[in-house]
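Asks: Provided herewith is a single structure, encoded as structure tokens, for subsequent inquiry.
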Amino acid sequence: MASVALPAVETLLRRTLGERRMGLVAWRLLVLQIAHPVVAAGMDRYSTYRAHPWRRVEHTMESGGRLFFAGPEERRLEVARLQRSHRRIQGTDAAGRTYSAEDPEVRGWVMVTLYESMTAMRELSGEPLSPAEQDVLYAEFLDVCAALGIPEEVLPASAGDVPAYVERMVREVLEDGPEVRHMLHGLLRQAPAPRRLGRLAPAWPLLRAVVARTVATLTVADLPPAWHERFGTSRGPGGAALSWTLHHGLRHVMGLAPERVRYRHRSVAGAPAPARVTVPRARSGGDSRPARLEAFFRQVLDQTGNGRVDSADLQAMVHSVCWRLELPAEREDEVYAAFEGWWRQLREAADADGDGGVDCREFVAAMLAGVDRDPAYLEQGLVPAVRALFRAADADGSGWLGADEYRALFGGPRVHPAELNEGFRELDADGDGRVGEEEFVAAFRAFFTARAGGSAGAGLLGRA
């Protein structure tokens, strides 16, 4: 999980939010947010948390670090990035209700849950903030809300008004829907091993059942009383005991720990990297494309993890790239438009059953049929998207990707530097220390067309 360092100018907000103990109320925060029907609809349609939960957590933590712990300029850039992302999250949910991530009341609720979780963390651990401290914390919190452009009128007027606001939202607006139940009881039971487990990763299938049950029990126990009254849940004696033990125990342990342990520190790795595809080796002389395309579908295209791809998946993929490269709005729009064009081609060619999405079987069949039938098939969708990706990564506008620009596009904490260096050397066919646009495009063409697995393009996104 990416994390942040306390700045030189410390505030109560930064100090409270920076405590590692906030991890105990993180799932509670997510449940309260997702229980809002607009947030649930947006997550169901656009979020990558089902398929890539840890990457989504890293992304959220890094974004939070920029909002709450960085300087004014970095915060301004993050606010602009979030605004560009939210304007694309809109639609109609399963009940026929329209939704938009730009709804100021929804944005206000999401932010207030963060403030409320900070106060809940202190209260659950037996050291509640005093009314004066709550006033200071809320005033600092409102400064961030103002930077995000959230209107004052949708927020509680004071710290003292927050509990009544939260209770009203729980009783009148929130819903205990499928996204909430999946967050509580399904996500961790299905999640892949967090990368920080390292050598313990093989034990994750055994550990995650225990972790999932513990997190669910703690989260339900810590939810507000109004939640239990409305949705018929209960802390239960076991949940109450677990909550008291963890919150009070960690409070005392962290009280004795040095600050470098008590608080999170910014990761030098930066934003999460795009997925690297691990492709099974084809048998000698066999066609490696089906296995490669299936791996690409499952590990790259299916961002929402529901077994099918639609426009939201490609938007989520582009969002990750644009967020990492910190593109200006006009360049970001170009990348989105190019990938939306590729999606239209995919839908027309691959949506055999007309359900508005493309599953893995349809994707592989359509891609193989397209490239075998028409040498120019990739030029009609994929290649324009790849060119837009190249130009977005070409930060200095030189027409070439240097090693640093290549690392910014494909690198990150999941990718070993040696693999990045090898990938760059494979694309740099003439060995001049840079990759041109045509070299870049040719590698992607080879990834989708090369029958053998030994070409540079076939290994572009990872190796078996």
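Every chain in the structure tokens has a letter given in the order shown (A, B, ...), and although residue numbers restart at 1 in each chain, ligands are simply numbered from 1 in the order shown.
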Which residues come within 10 Å of A:Phe141, counting only C-alpha atoms, excluding same-chain residues fewer than 6 positions away, as a PDB file with all heavy atoms, in the first residue's frame?
Replies:
```
ATOM      1  N   LEU A  12      -3.453  18.884  12.650  1.00  0.00           N
ATOM      2  CA  LEU A  12      -4.185  17.797  13.294  1.00  0.00           C
ATOM      3  C   LEU A  12      -4.749  16.842  12.253  1.00  0.00           C
ATOM      4  O   LEU A  12      -4.762  15.621  12.448  1.00  0.00           O
ATOM      5  CB  LEU A  12      -5.302  18.373  14.170  1.00  0.00           C
ATOM      6  CG  LEU A  12      -6.162  17.349  14.929  1.00  0.00           C
ATOM      7  CD1 LEU A  12      -5.298  16.505  15.856  1.00  0.00           C
ATOM      8  CD2 LEU A  12      -7.268  18.064  15.709  1.00  0.00           C
ATOM      9  N   LEU A  13      -5.220  17.377  11.131  1.00  0.00           N
ATOM     10  CA  LEU A  13      -5.756  16.538  10.060  1.00  0.00           C
ATOM     11  C   LEU A  13      -4.691  15.594   9.532  1.00  0.00           C
ATOM     12  O   LEU A  13      -4.903  14.380   9.409  1.00  0.00           O
ATOM     13  CB  LEU A  13      -6.295  17.421   8.936  1.00  0.00           C
ATOM     14  CG  LEU A  13      -6.766  16.697   7.662  1.00  0.00           C
ATOM     15  CD1 LEU A  13      -7.944  15.788   7.968  1.00  0.00           C
ATOM     16  CD2 LEU A  13      -7.136  17.690   6.579  1.00  0.00           C
ATOM     17  N   ARG A  14      -3.523  16.123   9.213  1.00  0.00           N
ATOM     18  CA  ARG A  14      -2.454  15.295   8.668  1.00  0.00           C
ATOM     19  C   ARG A  14      -1.964  14.274   9.685  1.00  0.00           C
ATOM     20  O   ARG A  14      -1.678  13.126   9.341  1.00  0.00           O
ATOM     21  CB  ARG A  14      -1.303  16.191   8.203  1.00  0.00           C
ATOM     22  CG  ARG A  14      -1.616  16.946   6.923  1.00  0.00           C
ATOM     23  CD  ARG A  14      -0.615  18.033   6.695  1.00  0.00           C
ATOM     24  NE  ARG A  14      -0.749  18.607   5.350  1.00  0.00           N
ATOM     25  CZ  ARG A  14      -0.185  19.739   4.972  1.00  0.00           C
ATOM     26  NH1 ARG A  14       0.537  20.444   5.848  1.00  0.00           N
ATOM     27  NH2 ARG A  14      -0.338  20.194   3.748  1.00  0.00           N
ATOM     28  N   PHE A  68      -4.035  15.517   0.741  1.00  0.00           N
ATOM     29  CA  PHE A  68      -3.957  15.881   2.145  1.00  0.00           C
ATOM     30  C   PHE A  68      -2.551  16.174   2.650  1.00  0.00           C
ATOM     31  O   PHE A  68      -2.391  16.841   3.671  1.00  0.00           O
ATOM     32  CB  PHE A  68      -4.562  14.767   3.010  1.00  0.00           C
ATOM     33  CG  PHE A  68      -6.045  14.632   2.854  1.00  0.00           C
ATOM     34  CD1 PHE A  68      -6.597  13.711   1.971  1.00  0.00           C
ATOM     35  CD2 PHE A  68      -6.906  15.440   3.569  1.00  0.00           C
ATOM     36  CE1 PHE A  68      -7.965  13.589   1.828  1.00  0.00           C
ATOM     37  CE2 PHE A  68      -8.283  15.328   3.432  1.00  0.00           C
ATOM     38  CZ  PHE A  68      -8.810  14.403   2.555  1.00  0.00           C
ATOM     39  N   MET A 111     -16.568  12.682   1.104  1.00  0.00           N
ATOM     40  CA  MET A 111     -15.563  13.376   1.899  1.00  0.00           C
ATOM     41  C   MET A 111     -15.900  13.353   3.387  1.00  0.00           C
ATOM     42  O   MET A 111     -15.028  13.156   4.235  1.00  0.00           O
ATOM     43  CB  MET A 111     -15.409  14.812   1.407  1.00  0.00           C
ATOM     44  CG  MET A 111     -14.782  14.928   0.031  1.00  0.00           C
ATOM     45  SD  MET A 111     -13.114  14.204  -0.035  1.00  0.00           S
ATOM     46  CE  MET A 111     -12.226  15.324   1.055  1.00  0.00           C
ATOM     47  N   VAL A 112     -17.166  13.543   3.735  1.00  0.00           N
ATOM     48  CA  VAL A 112     -17.535  13.564   5.159  1.00  0.00           C
ATOM     49  C   VAL A 112     -17.283  12.207   5.798  1.00  0.00           C
ATOM     50  O   VAL A 112     -16.904  12.128   6.976  1.00  0.00           O
ATOM     51  CB  VAL A 112     -19.001  13.996   5.333  1.00  0.00           C
ATOM     52  CG1 VAL A 112     -19.450  13.808   6.786  1.00  0.00           C
ATOM     53  CG2 VAL A 112     -19.171  15.457   4.938  1.00  0.00           C
ATOM     54  N   LEU A 114     -14.826  10.388   5.315  1.00  0.00           N
ATOM     55  CA  LEU A 114     -13.413  10.355   5.691  1.00  0.00           C
ATOM     56  C   LEU A 114     -13.192  11.082   7.007  1.00  0.00           C
ATOM     57  O   LEU A 114     -12.503  10.575   7.907  1.00  0.00           O
ATOM     58  CB  LEU A 114     -12.571  10.996   4.582  1.00  0.00           C
ATOM     59  CG  LEU A 114     -11.062  11.042   4.834  1.00  0.00           C
ATOM     60  CD1 LEU A 114     -10.502   9.647   5.054  1.00  0.00           C
ATOM     61  CD2 LEU A 114     -10.349  11.734   3.674  1.00  0.00           C
ATOM     62  N   TYR A 115     -13.774  12.273   7.149  1.00  0.00           N
ATOM     63  CA  TYR A 115     -13.669  12.991   8.421  1.00  0.00           C
ATOM     64  C   TYR A 115     -14.279  12.157   9.547  1.00  0.00           C
ATOM     65  O   TYR A 115     -13.688  12.001  10.626  1.00  0.00           O
ATOM     66  CB  TYR A 115     -14.379  14.343   8.332  1.00  0.00           C
ATOM     67  CG  TYR A 115     -14.607  14.963   9.693  1.00  0.00           C
ATOM     68  CD1 TYR A 115     -13.598  15.657  10.342  1.00  0.00           C
ATOM     69  CD2 TYR A 115     -15.839  14.798  10.346  1.00  0.00           C
ATOM     70  CE1 TYR A 115     -13.803  16.193  11.613  1.00  0.00           C
ATOM     71  CE2 TYR A 115     -16.054  15.325  11.604  1.00  0.00           C
ATOM     72  CZ  TYR A 115     -15.033  16.022  12.230  1.00  0.00           C
ATOM     73  OH  TYR A 115     -15.226  16.530  13.489  1.00  0.00           O
ATOM     74  N   ASP A 135     -13.399  20.675  16.207  1.00  0.00           N
ATOM     75  CA  ASP A 135     -13.574  21.920  15.461  1.00  0.00           C
ATOM     76  C   ASP A 135     -12.343  22.226  14.615  1.00  0.00           C
ATOM     77  O   ASP A 135     -12.460  22.634  13.447  1.00  0.00           O
ATOM     78  CB  ASP A 135     -13.843  23.077  16.429  1.00  0.00           C
ATOM     79  CG  ASP A 135     -15.230  23.011  17.058  1.00  0.00           C
ATOM     80  OD1 ASP A 135     -16.104  22.338  16.474  1.00  0.00           O
ATOM     81  OD2 ASP A 135     -15.421  23.631  18.114  1.00  0.00           O
TER      82      ASP A 135
END
```
Asks: List as a list of chain:residue names the protein and nucleic acid residues near A:Glu439, meaning an atom at most 12 Å away when only C-alpha atoms are counted, but skip any in the same chain fewer than 6 places from it.
Replies: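 Neighbouring residues, sequence-local ones excluded: A:Val386, A:Arg387, A:Phe390, A:Gly399, A:Trp400, A:Leu401, A:Phe424, A:Arg425, A:Glu426, A:Leu427, A:Asp428, A:Ala429, A:Asp430, A:Gly431, A:Arg445, A:Ala446, A:Ala456, A:Gly457, A:Leu460.
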Asks: Could those residues be written to a file, using all heavy atoms, as a short mmCIF file (atom, residue, chain, number, x, y, z; two decimals), in the first residue's frame?
Replies:
```
data_model
loop_
_atom_site.label_atom_id
_atom_site.label_comp_id
_atom_site.auth_asym_id
_atom_site.auth_seq_id
_atom_site.Cartn_x
_atom_site.Cartn_y
_atom_site.Cartn_z
N VAL A 386 -2.72 2.97 -29.75
CA VAL A 386 -1.31 2.83 -29.37
C VAL A 386 -0.53 4.09 -29.71
O VAL A 386 0.34 4.53 -28.94
CB VAL A 386 -0.70 1.59 -30.08
CG1 VAL A 386 0.81 1.56 -29.90
CG2 VAL A 386 -1.33 0.32 -29.53
N ARG A 387 -0.84 4.69 -30.84
CA ARG A 387 -0.15 5.94 -31.19
C ARG A 387 -0.48 7.04 -30.17
O ARG A 387 0.40 7.83 -29.78
CB ARG A 387 -0.55 6.38 -32.60
CG ARG A 387 -0.02 5.49 -33.71
CD ARG A 387 -0.22 6.09 -35.09
NE ARG A 387 0.19 5.18 -36.14
CZ ARG A 387 1.44 4.98 -36.54
NH1 ARG A 387 2.43 5.65 -35.94
NH2 ARG A 387 1.71 4.13 -37.51
N PHE A 390 1.61 6.37 -27.15
CA PHE A 390 3.01 6.77 -27.36
C PHE A 390 3.17 8.28 -27.21
O PHE A 390 4.07 8.76 -26.51
CB PHE A 390 3.47 6.33 -28.75
CG PHE A 390 4.87 6.76 -29.08
CD1 PHE A 390 5.95 5.94 -28.82
CD2 PHE A 390 5.11 8.01 -29.66
CE1 PHE A 390 7.24 6.34 -29.11
CE2 PHE A 390 6.41 8.41 -29.96
CZ PHE A 390 7.47 7.58 -29.69
N GLY A 399 9.28 12.95 -30.27
CA GLY A 399 8.99 11.92 -31.26
C GLY A 399 9.64 10.59 -30.92
O GLY A 399 9.55 9.63 -31.70
N TRP A 400 10.31 10.54 -29.76
CA TRP A 400 10.99 9.32 -29.32
C TRP A 400 10.69 9.10 -27.84
O TRP A 400 10.45 10.05 -27.10
CB TRP A 400 12.51 9.44 -29.49
CG TRP A 400 12.94 9.77 -30.87
CD1 TRP A 400 13.10 11.02 -31.41
CD2 TRP A 400 13.27 8.85 -31.91
NE1 TRP A 400 13.50 10.94 -32.71
CE2 TRP A 400 13.62 9.61 -33.05
CE3 TRP A 400 13.30 7.46 -31.99
CZ2 TRP A 400 14.00 9.02 -34.25
CZ3 TRP A 400 13.70 6.87 -33.19
CH2 TRP A 400 14.03 7.65 -34.29
N LEU A 401 10.72 7.84 -27.43
CA LEU A 401 10.67 7.53 -26.00
C LEU A 401 12.07 7.18 -25.53
O LEU A 401 12.69 6.23 -26.03
CB LEU A 401 9.74 6.33 -25.72
CG LEU A 401 8.24 6.50 -25.94
CD1 LEU A 401 7.50 5.27 -25.41
CD2 LEU A 401 7.72 7.76 -25.27
N PHE A 424 12.88 -2.47 -22.87
CA PHE A 424 13.29 -1.30 -23.65
C PHE A 424 14.31 -1.69 -24.71
O PHE A 424 14.23 -1.24 -25.87
CB PHE A 424 13.87 -0.24 -22.72
CG PHE A 424 14.26 1.04 -23.42
CD1 PHE A 424 13.29 1.96 -23.80
CD2 PHE A 424 15.58 1.31 -23.73
CE1 PHE A 424 13.63 3.13 -24.45
CE2 PHE A 424 15.93 2.49 -24.38
CZ PHE A 424 14.95 3.39 -24.73
N ARG A 425 15.27 -2.54 -24.35
CA ARG A 425 16.29 -2.96 -25.33
C ARG A 425 15.66 -3.73 -26.48
O ARG A 425 16.08 -3.60 -27.63
CB ARG A 425 17.35 -3.81 -24.64
CG ARG A 425 18.33 -3.03 -23.79
CD ARG A 425 19.55 -3.87 -23.44
NE ARG A 425 19.17 -5.06 -22.67
CZ ARG A 425 19.13 -5.10 -21.35
NH1 ARG A 425 19.41 -4.02 -20.64
NH2 ARG A 425 18.80 -6.21 -20.73
N GLU A 426 14.63 -4.54 -26.18
CA GLU A 426 14.00 -5.30 -27.25
C GLU A 426 13.28 -4.38 -28.24
O GLU A 426 13.28 -4.63 -29.45
CB GLU A 426 13.00 -6.30 -26.66
CG GLU A 426 13.68 -7.49 -25.96
CD GLU A 426 12.68 -8.49 -25.44
OE1 GLU A 426 11.47 -8.14 -25.40
OE2 GLU A 426 13.09 -9.58 -25.06
N LEU A 427 12.66 -3.32 -27.72
CA LEU A 427 11.97 -2.39 -28.62
C LEU A 427 12.94 -1.49 -29.36
O LEU A 427 12.66 -1.06 -30.48
CB LEU A 427 10.98 -1.53 -27.82
CG LEU A 427 9.81 -2.25 -27.16
CD1 LEU A 427 8.81 -1.24 -26.65
CD2 LEU A 427 9.13 -3.20 -28.12
N ASP A 428 14.07 -1.20 -28.75
CA ASP A 428 15.08 -0.34 -29.37
C ASP A 428 15.88 -1.16 -30.36
O ASP A 428 17.04 -1.52 -30.13
CB ASP A 428 15.97 0.25 -28.27
CG ASP A 428 17.04 1.17 -28.84
OD1 ASP A 428 16.90 1.62 -30.00
OD2 ASP A 428 18.03 1.44 -28.13
N ALA A 429 15.24 -1.45 -31.50
CA ALA A 429 15.82 -2.39 -32.46
C ALA A 429 17.18 -1.95 -32.99
O ALA A 429 18.07 -2.77 -33.23
CB ALA A 429 14.85 -2.60 -33.63
N ASP A 430 17.39 -0.65 -33.19
CA ASP A 430 18.65 -0.18 -33.76
C ASP A 430 19.67 0.21 -32.69
O ASP A 430 20.76 0.69 -33.01
CB ASP A 430 18.42 1.00 -34.71
CG ASP A 430 17.67 2.14 -34.04
OD1 ASP A 430 17.51 2.10 -32.80
OD2 ASP A 430 17.23 3.06 -34.75
N GLY A 431 19.32 0.04 -31.42
CA GLY A 431 20.28 0.26 -30.34
C GLY A 431 20.71 1.69 -30.15
O GLY A 431 21.80 1.94 -29.60
N ARG A 445 1.82 -4.41 -32.75
CA ARG A 445 1.31 -5.25 -33.85
C ARG A 445 1.79 -6.68 -33.68
O ARG A 445 1.01 -7.64 -33.83
CB ARG A 445 1.80 -4.71 -35.19
CG ARG A 445 1.09 -3.47 -35.71
CD ARG A 445 1.35 -3.31 -37.20
NE ARG A 445 0.95 -2.02 -37.69
CZ ARG A 445 1.78 -0.98 -37.85
NH1 ARG A 445 3.07 -1.10 -37.55
NH2 ARG A 445 1.32 0.18 -38.31
N ALA A 446 3.08 -6.84 -33.36
CA ALA A 446 3.63 -8.18 -33.20
C ALA A 446 2.98 -8.92 -32.04
O ALA A 446 2.76 -10.13 -32.10
CB ALA A 446 5.14 -8.10 -32.99
N ALA A 456 10.09 -9.54 -30.09
CA ALA A 456 10.05 -8.49 -29.09
C ALA A 456 8.61 -8.10 -28.77
O ALA A 456 8.27 -7.85 -27.63
CB ALA A 456 10.82 -7.26 -29.60
N GLY A 457 7.78 -8.07 -29.79
CA GLY A 457 6.39 -7.70 -29.55
C GLY A 457 5.65 -8.73 -28.71
O GLY A 457 4.84 -8.37 -27.86
N LEU A 460 6.25 -7.99 -25.18
CA LEU A 460 6.14 -6.59 -24.84
C LEU A 460 5.58 -6.36 -23.44
O LEU A 460 6.08 -5.53 -22.69
CB LEU A 460 5.22 -5.88 -25.86
CG LEU A 460 4.88 -4.41 -25.59
CD1 LEU A 460 6.14 -3.57 -25.73
CD2 LEU A 460 3.80 -3.93 -26.54
#
```
Asks: Do a neighbour search on stretch 83-88 of chain A at 8 Å with only C-alpha atoms, toss out local chain neighbours closer than 3 positions, and write the hits as a PyMOL selection string.
Replies: chain A and resi 79-80+100-102+319+329
Asks: For A:Val180, please output as a list in words all residues within 7 Å (counting only C-alpha atoms; exclusion window: fewer than 6 positions along the same chain).
Replies: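 Those residues are Val31, Ile34 and Ala35 of chain A.
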Asks: List as a short mmCIF file (atom, residue, chain, number, x, y, z; two decimals) with all heavy atoms, in the first residue's frame the protein and nucleic acid residues near A:Asp176, meaning an atom at most 12 Å away when only C-alpha atoms are counted, but skip any in the same chain fewer than 2 places from it.
Replies:
```cif
data_model
loop_
_atom_site.label_atom_id
_atom_site.label_comp_id
_atom_site.auth_asym_id
_atom_site.auth_seq_id
_atom_site.Cartn_x
_atom_site.Cartn_y
_atom_site.Cartn_z
N VAL A 31 -17.30 0.89 3.17
CA VAL A 31 -18.69 0.42 3.23
C VAL A 31 -19.65 1.59 3.29
O VAL A 31 -20.68 1.63 2.58
CB VAL A 31 -18.88 -0.52 4.43
CG1 VAL A 31 -20.37 -0.77 4.70
CG2 VAL A 31 -18.18 -1.85 4.17
N LEU A 32 -19.35 2.59 4.11
CA LEU A 32 -20.22 3.76 4.20
C LEU A 32 -20.29 4.50 2.87
O LEU A 32 -21.35 5.00 2.47
CB LEU A 32 -19.74 4.70 5.31
CG LEU A 32 -19.95 4.21 6.74
CD1 LEU A 32 -19.30 5.16 7.73
CD2 LEU A 32 -21.44 4.07 7.05
N GLN A 33 -19.18 4.59 2.17
CA GLN A 33 -19.17 5.27 0.88
C GLN A 33 -19.95 4.47 -0.17
O GLN A 33 -20.79 5.01 -0.89
CB GLN A 33 -17.74 5.50 0.42
CG GLN A 33 -16.98 6.52 1.26
CD GLN A 33 -15.56 6.73 0.78
OE1 GLN A 33 -15.04 5.95 -0.03
NE2 GLN A 33 -14.91 7.78 1.27
N ILE A 34 -19.68 3.18 -0.25
CA ILE A 34 -20.29 2.35 -1.29
C ILE A 34 -21.78 2.17 -1.06
O ILE A 34 -22.55 1.91 -2.00
CB ILE A 34 -19.57 0.98 -1.36
CG1 ILE A 34 -18.12 1.18 -1.80
CG2 ILE A 34 -20.26 0.03 -2.32
CD1 ILE A 34 -17.28 -0.07 -1.69
N ALA A 35 -22.21 2.33 0.20
CA ALA A 35 -23.64 2.17 0.49
C ALA A 35 -24.47 3.28 -0.14
O ALA A 35 -25.70 3.14 -0.26
CB ALA A 35 -23.87 2.13 2.00
N HIS A 36 -23.83 4.38 -0.53
CA HIS A 36 -24.57 5.41 -1.27
C HIS A 36 -24.88 4.86 -2.66
O HIS A 36 -23.98 4.39 -3.36
CB HIS A 36 -23.75 6.69 -1.38
CG HIS A 36 -24.57 7.88 -1.79
ND1 HIS A 36 -25.16 7.98 -3.04
CD2 HIS A 36 -24.93 9.02 -1.12
CE1 HIS A 36 -25.82 9.12 -3.12
NE2 HIS A 36 -25.70 9.76 -1.97
N PRO A 37 -26.13 4.87 -3.10
CA PRO A 37 -26.49 4.23 -4.38
C PRO A 37 -25.73 4.79 -5.58
O PRO A 37 -25.45 4.05 -6.53
CB PRO A 37 -28.00 4.47 -4.51
CG PRO A 37 -28.33 5.54 -3.51
CD PRO A 37 -27.33 5.42 -2.42
N ALA A 40 -22.24 3.24 -5.38
CA ALA A 40 -22.34 1.82 -5.73
C ALA A 40 -22.48 1.63 -7.23
O ALA A 40 -21.84 0.76 -7.82
CB ALA A 40 -23.52 1.19 -5.00
N VAL A 170 -27.59 7.63 6.71
CA VAL A 170 -27.73 6.19 6.90
C VAL A 170 -29.20 5.79 6.87
O VAL A 170 -29.59 4.80 6.23
CB VAL A 170 -27.08 5.76 8.24
CG1 VAL A 170 -27.42 4.30 8.54
CG2 VAL A 170 -25.56 5.94 8.18
N ARG A 171 -30.05 6.56 7.53
CA ARG A 171 -31.45 6.18 7.66
C ARG A 171 -32.26 6.47 6.40
O ARG A 171 -33.25 5.77 6.12
CB ARG A 171 -32.08 6.92 8.84
CG ARG A 171 -31.51 6.50 10.19
CD ARG A 171 -32.28 7.13 11.34
NE ARG A 171 -31.71 6.81 12.62
CZ ARG A 171 -31.91 5.67 13.28
NH1 ARG A 171 -32.69 4.74 12.73
NH2 ARG A 171 -31.36 5.45 14.45
N GLU A 172 -31.85 7.46 5.60
CA GLU A 172 -32.70 7.89 4.49
C GLU A 172 -32.13 7.62 3.11
O GLU A 172 -32.89 7.55 2.14
CB GLU A 172 -32.98 9.40 4.62
CG GLU A 172 -33.71 9.79 5.90
CD GLU A 172 -33.91 11.29 6.01
OE1 GLU A 172 -33.59 12.01 5.03
OE2 GLU A 172 -34.37 11.75 7.06
N VAL A 173 -30.81 7.50 2.99
CA VAL A 173 -30.21 7.44 1.66
C VAL A 173 -29.46 6.14 1.39
O VAL A 173 -29.59 5.54 0.32
CB VAL A 173 -29.23 8.63 1.46
CG1 VAL A 173 -28.55 8.55 0.08
CG2 VAL A 173 -29.98 9.96 1.60
N LEU A 174 -28.69 5.67 2.34
CA LEU A 174 -27.82 4.52 2.09
C LEU A 174 -28.62 3.25 1.86
O LEU A 174 -29.76 3.11 2.32
CB LEU A 174 -26.85 4.32 3.25
CG LEU A 174 -25.94 5.50 3.60
CD1 LEU A 174 -24.84 5.05 4.55
CD2 LEU A 174 -25.35 6.16 2.36
N PRO A 178 -25.78 -5.05 -3.21
CA PRO A 178 -24.80 -6.09 -3.54
C PRO A 178 -23.35 -5.61 -3.48
O PRO A 178 -22.46 -6.39 -3.13
CB PRO A 178 -25.19 -6.51 -4.96
CG PRO A 178 -26.06 -5.41 -5.48
CD PRO A 178 -26.74 -4.83 -4.30
N GLU A 179 -23.10 -4.34 -3.81
CA GLU A 179 -21.72 -3.86 -3.74
C GLU A 179 -21.23 -3.82 -2.29
O GLU A 179 -20.08 -4.14 -2.00
CB GLU A 179 -21.61 -2.46 -4.38
CG GLU A 179 -21.91 -2.42 -5.86
CD GLU A 179 -20.97 -3.30 -6.65
OE1 GLU A 179 -19.77 -3.31 -6.36
OE2 GLU A 179 -21.45 -4.01 -7.56
N VAL A 180 -22.11 -3.43 -1.37
CA VAL A 180 -21.75 -3.43 0.05
C VAL A 180 -21.48 -4.85 0.53
O VAL A 180 -20.48 -5.12 1.20
CB VAL A 180 -22.88 -2.79 0.89
CG1 VAL A 180 -22.64 -3.01 2.38
CG2 VAL A 180 -22.98 -1.30 0.59
N ARG A 181 -22.36 -5.77 0.17
CA ARG A 181 -22.18 -7.15 0.63
C ARG A 181 -20.93 -7.77 0.03
O ARG A 181 -20.24 -8.56 0.70
CB ARG A 181 -23.43 -7.97 0.27
CG ARG A 181 -24.66 -7.53 1.07
CD ARG A 181 -25.80 -8.51 0.92
NE ARG A 181 -26.39 -8.45 -0.42
CZ ARG A 181 -27.33 -7.61 -0.78
NH1 ARG A 181 -27.80 -6.71 0.09
NH2 ARG A 181 -27.83 -7.62 -2.00
N HIS A 182 -20.61 -7.41 -1.22
CA HIS A 182 -19.38 -7.93 -1.81
C HIS A 182 -18.16 -7.35 -1.09
O HIS A 182 -17.19 -8.08 -0.83
CB HIS A 182 -19.32 -7.58 -3.29
CG HIS A 182 -18.07 -8.06 -3.96
ND1 HIS A 182 -17.83 -9.38 -4.24
CD2 HIS A 182 -16.96 -7.38 -4.39
CE1 HIS A 182 -16.64 -9.50 -4.81
NE2 HIS A 182 -16.10 -8.32 -4.91
N MET A 183 -18.21 -6.07 -0.76
CA MET A 183 -17.09 -5.46 -0.05
C MET A 183 -16.89 -6.11 1.31
O MET A 183 -15.76 -6.34 1.76
CB MET A 183 -17.34 -3.96 0.10
CG MET A 183 -16.23 -3.19 0.81
SD MET A 183 -14.63 -3.24 -0.03
CE MET A 183 -15.02 -2.36 -1.55
N LEU A 184 -18.00 -6.42 1.99
CA LEU A 184 -17.91 -7.00 3.33
C LEU A 184 -17.55 -8.49 3.31
O LEU A 184 -16.73 -8.93 4.11
CB LEU A 184 -19.25 -6.84 4.05
CG LEU A 184 -19.49 -5.52 4.78
CD1 LEU A 184 -20.92 -5.46 5.31
CD2 LEU A 184 -18.50 -5.35 5.92
N TRP A 227 -26.85 2.29 11.45
CA TRP A 227 -26.71 1.25 10.42
C TRP A 227 -27.35 -0.05 10.93
O TRP A 227 -28.11 -0.70 10.22
CB TRP A 227 -25.25 1.04 10.08
CG TRP A 227 -25.02 -0.03 9.06
CD1 TRP A 227 -25.06 -1.38 9.27
CD2 TRP A 227 -24.77 0.15 7.66
NE1 TRP A 227 -24.82 -2.06 8.08
CE2 TRP A 227 -24.63 -1.14 7.09
CE3 TRP A 227 -24.61 1.27 6.85
CZ2 TRP A 227 -24.37 -1.33 5.74
CZ3 TRP A 227 -24.34 1.07 5.49
CH2 TRP A 227 -24.23 -0.21 4.95
N HIS A 228 -27.00 -0.43 12.17
CA HIS A 228 -27.52 -1.68 12.71
C HIS A 228 -29.04 -1.62 12.84
O HIS A 228 -29.74 -2.61 12.58
CB HIS A 228 -26.88 -1.95 14.08
CG HIS A 228 -25.39 -2.12 14.02
ND1 HIS A 228 -24.78 -3.07 13.24
CD2 HIS A 228 -24.38 -1.44 14.65
CE1 HIS A 228 -23.47 -2.99 13.39
NE2 HIS A 228 -23.21 -2.00 14.23
N ARG A 230 -31.15 0.20 11.03
CA ARG A 230 -31.85 0.21 9.74
C ARG A 230 -31.73 -1.12 9.00
O ARG A 230 -32.70 -1.59 8.40
CB ARG A 230 -31.31 1.33 8.86
CG ARG A 230 -32.06 1.37 7.53
CD ARG A 230 -31.68 2.49 6.62
NE ARG A 230 -32.50 2.45 5.43
CZ ARG A 230 -32.22 3.08 4.30
NH1 ARG A 230 -31.14 3.83 4.23
NH2 ARG A 230 -33.01 3.00 3.26
N PHE A 231 -30.54 -1.73 9.03
CA PHE A 231 -30.31 -2.90 8.20
C PHE A 231 -30.32 -4.21 8.99
O PHE A 231 -30.05 -5.28 8.42
CB PHE A 231 -29.00 -2.75 7.44
CG PHE A 231 -28.99 -1.57 6.50
CD1 PHE A 231 -28.10 -0.52 6.69
CD2 PHE A 231 -29.89 -1.50 5.45
CE1 PHE A 231 -28.10 0.58 5.84
CE2 PHE A 231 -29.90 -0.40 4.59
CZ PHE A 231 -29.00 0.64 4.78
N GLY A 232 -30.62 -4.14 10.28
CA GLY A 232 -30.81 -5.35 11.06
C GLY A 232 -29.54 -6.11 11.39
O GLY A 232 -29.59 -7.31 11.66
N THR A 233 -28.40 -5.44 11.35
CA THR A 233 -27.14 -6.07 11.72
C THR A 233 -26.88 -5.83 13.21
O THR A 233 -27.62 -5.12 13.88
CB THR A 233 -25.98 -5.52 10.89
OG1 THR A 233 -25.94 -4.08 11.03
CG2 THR A 233 -26.16 -5.86 9.42
#
```
